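Shown next: work-v7.csv, given as CSV, C-alpha atoms and all ligand atoms.
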chain,number,residue,atom,x,y,z
D,693,MET,CA,-73.7,-254.4,-178.3
D,694,PRO,CA,-73.1,-252.4,-175.0
D,695,LEU,CA,-74.0,-253.6,-171.5
D,696,VAL,CA,-77.2,-252.0,-170.3
D,697,ARG,CA,-77.5,-250.2,-167.0
D,698,SER,CA,-80.8,-250.3,-165.0
D,699,LYS,CA,-82.8,-247.6,-163.3
D,700,ASP,CA,-83.5,-248.7,-159.7
D,701,ARG,CA,-85.7,-246.3,-157.7
D,702,LYS,CA,-84.2,-247.4,-154.3
D,703,VAL,CA,-80.6,-246.6,-155.3
D,704,THR,CA,-80.7,-244.0,-158.0
D,705,ASN,CA,-78.4,-241.0,-157.8
D,706,ALA,CA,-80.9,-238.7,-159.5
D,707,VAL,CA,-84.7,-238.6,-159.1
D,708,ASN,CA,-87.2,-236.8,-161.3
D,709,LYS,CA,-88.9,-233.5,-160.1
D,710,SER,CA,-91.9,-235.3,-158.6
D,711,GLY,CA,-89.6,-237.6,-156.6
D,712,THR,CA,-91.2,-240.8,-158.0
D,713,GLN,CA,-88.7,-242.2,-160.6
D,714,ALA,CA,-85.0,-242.7,-161.2
D,715,SER,CA,-83.7,-240.3,-163.9
D,716,ILE,CA,-80.3,-241.9,-164.2
D,717,ALA,CA,-79.6,-245.6,-164.5
D,718,ASN,CA,-76.9,-246.2,-161.9
D,719,ALA,CA,-77.2,-249.9,-161.3
D,720,PHE,CA,-76.1,-253.0,-163.1
D,721,GLY,CA,-77.7,-256.4,-163.1
D,722,LEU,CA,-77.1,-260.0,-164.1
D,723,PRO,CA,-79.5,-263.0,-163.9
D,724,SER,CA,-79.4,-264.5,-160.4
D,725,GLY,CA,-79.4,-268.0,-159.0
D,726,LYS,CA,-76.8,-270.8,-158.9
D,727,ALA,CA,-77.4,-271.6,-162.6
D,728,PHE,CA,-76.3,-268.1,-163.6
D,729,SER,CA,-74.3,-265.5,-161.7
D,730,CYS,CA,-74.7,-266.5,-158.1
D,731,PRO,CA,-72.3,-269.3,-157.1
D,732,GLY,CA,-72.6,-268.3,-153.5
D,733,ALA,CA,-76.4,-268.3,-153.4
D,734,THR,CA,-77.7,-269.8,-150.1
D,735,SER,CA,-80.9,-271.8,-149.4
D,736,VAL,CA,-82.2,-268.6,-147.6
D,737,CYS,CA,-81.5,-266.0,-150.3
D,738,GLU,CA,-82.7,-268.3,-153.1
D,739,THR,CA,-86.2,-268.5,-151.5
D,740,ILE,CA,-86.7,-264.8,-151.0
D,741,CYS,CA,-84.6,-263.2,-153.8
D,742,TYR,CA,-86.6,-260.0,-154.6
D,743,ALA,CA,-84.5,-259.2,-157.7
D,744,GLY,CA,-84.8,-262.7,-158.9
D,745,ARG,CA,-88.6,-262.4,-158.7
D,746,LEU,CA,-88.6,-259.2,-160.9
D,747,GLU,CA,-86.7,-261.2,-163.5
D,748,LYS,CA,-89.4,-263.7,-163.7
D,749,VAL,CA,-92.2,-261.2,-163.9
D,750,PHE,CA,-90.8,-258.7,-166.4
D,751,LYS,CA,-89.6,-260.0,-169.7
D,752,GLY,CA,-87.9,-256.7,-170.5
D,753,ILE,CA,-85.8,-256.9,-167.4
D,754,ARG,CA,-85.0,-260.5,-168.1
D,755,ASP,CA,-83.9,-259.8,-171.6
D,756,VAL,CA,-81.6,-256.9,-170.5
D,757,ILE,CA,-79.8,-258.9,-167.8
D,758,THR,CA,-79.6,-262.0,-169.9
D,759,SER,CA,-77.9,-260.1,-172.6
D,760,ASN,CA,-75.5,-258.5,-170.1
D,761,TYR,CA,-74.6,-262.0,-168.8
D,762,GLU,CA,-74.2,-263.5,-172.3
D,763,GLN,CA,-71.9,-260.7,-173.4
D,764,LEU,CA,-69.7,-260.9,-170.4
D,765,THR,CA,-69.4,-264.7,-170.4
D,766,SER,CA,-68.6,-264.8,-174.2
D,767,VAL,CA,-65.3,-262.8,-173.9
D,768,GLY,CA,-62.1,-263.0,-172.0
D,769,LEU,CA,-60.6,-260.6,-169.3
D,770,PHE,CA,-59.8,-257.7,-171.7
D,771,GLY,CA,-63.2,-258.0,-173.3
D,772,LYS,CA,-64.9,-257.9,-169.9
D,773,ILE,CA,-62.9,-254.8,-168.9
D,774,ASP,CA,-63.8,-253.1,-172.2
D,775,LEU,CA,-67.5,-253.8,-171.8
D,776,LEU,CA,-67.6,-252.6,-168.1
D,777,ASP,CA,-65.4,-249.6,-168.8
D,778,GLU,CA,-67.6,-248.5,-171.7
D,779,MET,CA,-70.7,-248.8,-169.5
D,780,ILE,CA,-69.2,-246.8,-166.6
D,781,THR,CA,-67.8,-244.1,-169.0
D,782,ASP,CA,-71.3,-243.7,-170.3
D,783,PHE,CA,-72.6,-243.4,-166.8
D,784,VAL,CA,-70.1,-240.8,-165.9
D,785,ALA,CA,-71.1,-238.7,-168.9
D,786,ASP,CA,-74.8,-239.0,-167.8
D,787,CYS,CA,-73.9,-237.7,-164.4
D,788,GLU,CA,-71.8,-234.8,-165.7
D,789,LYS,CA,-74.6,-233.8,-168.0
D,790,ARG,CA,-77.1,-233.7,-165.2
D,791,GLY,CA,-74.8,-232.5,-162.3
D,792,ALA,CA,-75.5,-235.7,-160.3
D,793,GLU,CA,-73.2,-237.3,-157.8
D,794,LYS,CA,-71.4,-240.3,-159.3
D,795,LEU,CA,-72.7,-243.2,-157.3
D,796,PHE,CA,-72.9,-246.6,-158.9
D,797,ARG,CA,-74.5,-249.8,-157.5
D,798,ILE,CA,-73.0,-253.0,-158.9
D,799,HIS,CA,-75.4,-255.9,-159.1
D,800,TRP,CA,-78.9,-254.8,-158.2
D,801,ASP,CA,-79.5,-258.4,-159.3
D,802,GLY,CA,-76.9,-261.2,-159.6
D,803,ASP,CA,-73.4,-261.5,-158.3
D,804,PHE,CA,-69.7,-262.1,-159.2
D,805,PHE,CA,-69.8,-265.3,-161.1
D,806,ASP,CA,-66.0,-266.0,-161.4
D,807,GLU,CA,-62.6,-264.5,-160.5
D,808,GLU,CA,-61.9,-263.1,-164.0
D,809,TYR,CA,-65.1,-261.1,-163.8
D,810,VAL,CA,-64.1,-259.8,-160.4
D,811,ILE,CA,-60.7,-258.7,-161.7
D,812,ALA,CA,-62.4,-256.9,-164.6
D,813,TRP,CA,-64.6,-254.9,-162.2
D,814,ARG,CA,-61.5,-254.3,-160.0
D,815,THR,CA,-59.7,-252.8,-163.0
D,816,VAL,CA,-62.6,-250.6,-163.9
D,817,ILE,CA,-63.2,-249.4,-160.3
D,818,PHE,CA,-59.6,-248.4,-160.0
D,819,LYS,CA,-59.8,-246.6,-163.4
D,820,HIS,CA,-62.9,-244.6,-162.4
D,821,LYS,CA,-61.7,-243.0,-159.2
D,822,ASP,CA,-64.3,-240.3,-159.4
D,823,VAL,CA,-67.1,-242.8,-159.1
D,824,GLN,CA,-68.2,-244.3,-155.7
D,825,PHE,CA,-69.2,-247.9,-156.2
D,826,TRP,CA,-71.0,-250.2,-153.8
D,827,VAL,CA,-71.8,-253.9,-154.0
D,828,TYR,CA,-73.0,-256.8,-151.8
D,829,THR,CA,-71.7,-260.3,-152.6
D,830,ARG,CA,-72.1,-263.9,-151.5
D,831,SER,CA,-69.1,-264.8,-153.7
D,832,ASP,CA,-66.3,-265.3,-151.1
D,833,PHE,CA,-63.6,-265.5,-153.8
D,834,ALA,CA,-64.4,-261.8,-154.6
D,835,VAL,CA,-63.6,-260.5,-151.1
D,836,PRO,CA,-59.7,-260.6,-151.2
D,837,LEU,CA,-59.7,-259.1,-154.7
D,838,LEU,CA,-62.0,-256.2,-153.8
D,839,ILE,CA,-61.4,-255.4,-150.2
D,840,ASN,CA,-59.8,-252.0,-149.4
D,841,ILE,CA,-60.4,-250.3,-152.7
D,842,PRO,CA,-60.9,-246.6,-151.7
D,843,ASN,CA,-63.9,-245.9,-154.0
D,844,LEU,CA,-65.7,-249.3,-153.4
D,845,ALA,CA,-68.0,-250.0,-150.5
D,846,LEU,CA,-67.9,-253.8,-150.3
D,847,TYR,CA,-70.3,-255.9,-148.3
D,848,PHE,CA,-70.5,-259.7,-147.8
D,849,SER,CA,-74.2,-260.8,-147.8
D,850,ALA,CA,-74.9,-263.2,-144.9
D,851,ASP,CA,-77.8,-265.1,-143.6
D,852,SER,CA,-78.3,-268.1,-141.3
D,853,ALA,CA,-77.1,-270.5,-144.1
D,854,ASN,CA,-73.6,-268.9,-144.6
D,855,LYS,CA,-73.1,-267.0,-141.3
D,856,GLU,CA,-70.0,-269.0,-140.3
D,857,LEU,CA,-68.3,-268.1,-143.6
D,858,ALA,CA,-69.4,-264.4,-143.1
D,859,TRP,CA,-67.8,-264.2,-139.7
D,860,GLN,CA,-64.6,-265.8,-140.9
D,861,LEU,CA,-64.3,-263.3,-143.7
D,862,LYS,CA,-65.0,-260.4,-141.3
D,863,LYS,CA,-62.3,-261.7,-139.0
D,864,GLN,CA,-59.8,-262.2,-141.8
D,865,TYR,CA,-60.5,-259.1,-143.9
D,866,GLY,CA,-62.6,-256.7,-141.8
D,867,ILE,CA,-65.3,-256.8,-144.4
D,868,LYS,CA,-68.7,-255.2,-143.5
D,869,LEU,CA,-71.7,-257.5,-143.4
D,870,ALA,CA,-75.2,-257.1,-144.8
D,871,TYR,CA,-77.1,-259.6,-142.7
D,872,LEU,CA,-80.5,-260.9,-143.7
D,873,ALA,CA,-82.7,-262.4,-140.9
D,874,LYS,CA,-86.4,-263.4,-140.7
D,875,ASP,CA,-86.9,-260.2,-138.6
D,876,PHE,CA,-84.8,-257.4,-137.1
D,877,ALA,CA,-84.9,-258.9,-133.6
D,878,THR,CA,-83.4,-262.2,-134.8
D,879,GLY,CA,-80.8,-260.4,-136.8
D,880,LYS,CA,-79.8,-258.3,-133.9
D,881,LYS,CA,-79.5,-261.3,-131.7
D,882,ASP,CA,-77.5,-263.3,-134.2
D,883,PHE,CA,-75.2,-260.3,-134.7
D,884,ASN,CA,-74.7,-259.6,-131.0
D,885,GLU,CA,-73.6,-263.3,-130.5
D,886,GLN,CA,-70.6,-262.4,-132.6
D,887,GLN,CA,-69.8,-258.8,-131.7
D,888,GLU,CA,-70.8,-256.1,-129.3
D,889,LYS,CA,-71.5,-253.4,-131.8
D,890,SER,CA,-74.9,-253.9,-133.4
D,891,ALA,CA,-75.6,-253.7,-137.1
D,892,VAL,CA,-77.8,-250.8,-138.4
D,893,PRO,CA,-81.3,-251.9,-139.5
D,894,CYS,CA,-81.8,-250.7,-143.1
D,895,PRO,CA,-84.2,-247.7,-142.7
D,896,GLU,CA,-85.9,-248.4,-146.0
D,897,ASN,CA,-86.5,-252.1,-145.2
D,898,ASN,CA,-87.6,-251.0,-141.7
D,899,LYS,CA,-90.1,-248.6,-143.3
D,900,LYS,CA,-88.5,-245.5,-141.7
D,901,ILE,CA,-87.8,-243.8,-145.0
D,902,PRO,CA,-89.5,-244.0,-148.4
D,903,MET,CA,-87.9,-245.9,-151.3
D,904,ILE,CA,-87.8,-242.7,-153.3
D,905,SER,CA,-88.9,-239.1,-152.7
D,906,THR,CA,-88.0,-235.5,-153.8
D,907,ALA,CA,-85.1,-235.8,-151.2
D,908,GLY,CA,-83.6,-238.6,-153.3
D,909,SER,CA,-83.5,-242.4,-153.4
D,910,ALA,CA,-83.5,-244.3,-150.0
D,911,CYS,CA,-79.9,-245.4,-150.4
D,912,VAL,CA,-78.6,-241.9,-151.3
D,913,VAL,CA,-80.5,-240.3,-148.5
D,914,CYS,CA,-79.3,-242.9,-146.0
D,915,SER,CA,-75.9,-243.6,-147.6
D,916,GLN,CA,-74.9,-246.2,-145.0
D,917,CYS,CA,-74.1,-248.8,-147.6
D,918,VAL,CA,-72.9,-246.4,-150.3
D,919,PHE,CA,-69.9,-245.6,-148.2
D,920,ALA,CA,-69.8,-248.9,-146.1
D,921,ARG,CA,-70.3,-247.0,-142.9
D,922,ASN,CA,-71.6,-249.9,-140.8
D,923,ASP,CA,-72.8,-253.5,-140.8
D,924,ILE,CA,-76.4,-253.6,-142.0
D,925,LEU,CA,-79.4,-255.7,-141.0
D,926,PHE,CA,-82.2,-256.6,-143.4
D,927,SER,CA,-85.4,-258.3,-142.5
D,928,ALA,CA,-87.2,-260.7,-144.8
D,929,THR,CA,-90.5,-259.8,-143.2
D,930,LYS,CA,-89.8,-256.0,-142.9
D,931,LYS,CA,-90.6,-256.3,-139.1
L,1,LIG,S1,-79.1,-249.3,-145.2
L,1,LIG,FE1,-79.4,-247.4,-146.4
L,1,LIG,S2,-77.9,-247.5,-148.1
L,1,LIG,FE2,-78.2,-249.6,-147.2
L,1,LIG,S3,-79.8,-250.6,-148.4
L,1,LIG,FE3,-80.8,-249.6,-146.6
L,1,LIG,S4,-81.4,-247.6,-147.4
L,1,LIG,FE4,-79.9,-248.4,-148.8
Could I get this file's structure written as structure tokens?
Ligand code: SF4
Amino acid sequence: MPLVRSKDRKVTNAVNKSGTQASIANAFGLPSGKAFSCPGATSVCETICYAGRLEKVFKGIRDVITSNYEQLTSVGLFGKIDLLDEMITDFVADCEKRGAEKLFRIHWDGDFFDEEYVIAWRTVIFKHKDVQFWVYTRSDFAVPLLINIPNLALYFSADSANKELAWQLKKQYGIKLAYLAKDFATGKKDFNEQQEKSAVPCPENNKKIPMISTAGSACVVCSQCVFARNDILFSATKK
């Protein structure tokens, strides 16, 4: 059984004519939480995980991501590579059929659960050089394996519970940070304690641009994270 991609309105690379729905599934999800794919989950992200809430509410979503997780955890490295490669090959064919830019969001839900899984993604990202991938992770072991791949925008997700680790990784690898605070002012203050250059507030989270419109999904219109242009701030309260 193949892995199943998800349609995510905020990140899709192709919207329908009315600008309301994703017409290409360009995201991949796994069940979240420490018990599943998020070994680096923090006390902060576990309380507000938006994707994790969707899993609980929609059985169809839960079934898809659970099946993805079960398939990936029941095979070894080469099995994982084959599953991911098949999914991305299918995605590329979808994009070519519709003339869409090849932009793929890894983990709209969930995270890198072990090193073997990271290596499988690394192999597939290198193979599909015509696809631009982006991902946020709290799994610190993934950073040295995925940093500086030309077609991958890699972010370490930070909050008040893991910020020391985040700054250490930034110092060591130069990784971009996606920093979640209770509000933008707090995030800005936390950030400026560490570096002069501020992080960019996510314009969708900050209600400056819509999640989806005829112009495209928020992430494609903004494209900050898609190409790892800057450190990004998110606010749990959207204020
Ligand atoms: S900053 Fe831009 S690309 Fe990043 S999550 Fe927000 S809308 Fe998407």
Considering all atoms listed in the file, can you say which of D:Asp875, D:Asp832, D:Asp851, D:Asp782 comes closest to Val810 of chain D?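 Selected residue with least distance to Val810 of chain D: D:Asp832.
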Using only C-alpha atoms and all ligand atoms, which of D:Lys889, D:Leu795, D:Val823, D:Asn708 sits nearest ligand LIG 1 (chain L)?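 Distance minimum relative to ligand LIG 1 (chain L) lands on D:Leu795.
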With all atoms listed in the file as the counted atoms, please give the residues lying no more than 7 Å from Val696 of chain D, apart from itself and same-chain residues fewer than 2 positions off, as a count of residues only. 4
Which one is closest to Asn897 of chain D: D:Ser766, D:Ser927, D:Thr878, D:Ser729? Count all atoms listed in the file. D:Ser927
Residues within 12 Å of Ile757 of chain D, only C-alpha atoms, excluding chain neighbours under 2 positions, as number ranges by chain: D: 694-698, 719-724, 728-729, 743-744, 746-748, 750-755, 759-764, 799-803
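Closest to Cys917 of chain D among D:Ala727, D:Val703, D:Ala834, D:Cys741 is D:Val703, based on all atoms listed in the file.
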So that I can check the surroundings of Lys881 of chain D, please list as a PyMOL selection string every protein, DNA and RNA residue that reaches within 12 Å of it, counting all atoms listed in the file and ignoring chain neighbours fewer than 4 positions away. chain D and resi 852+871+873-877+885-891+925
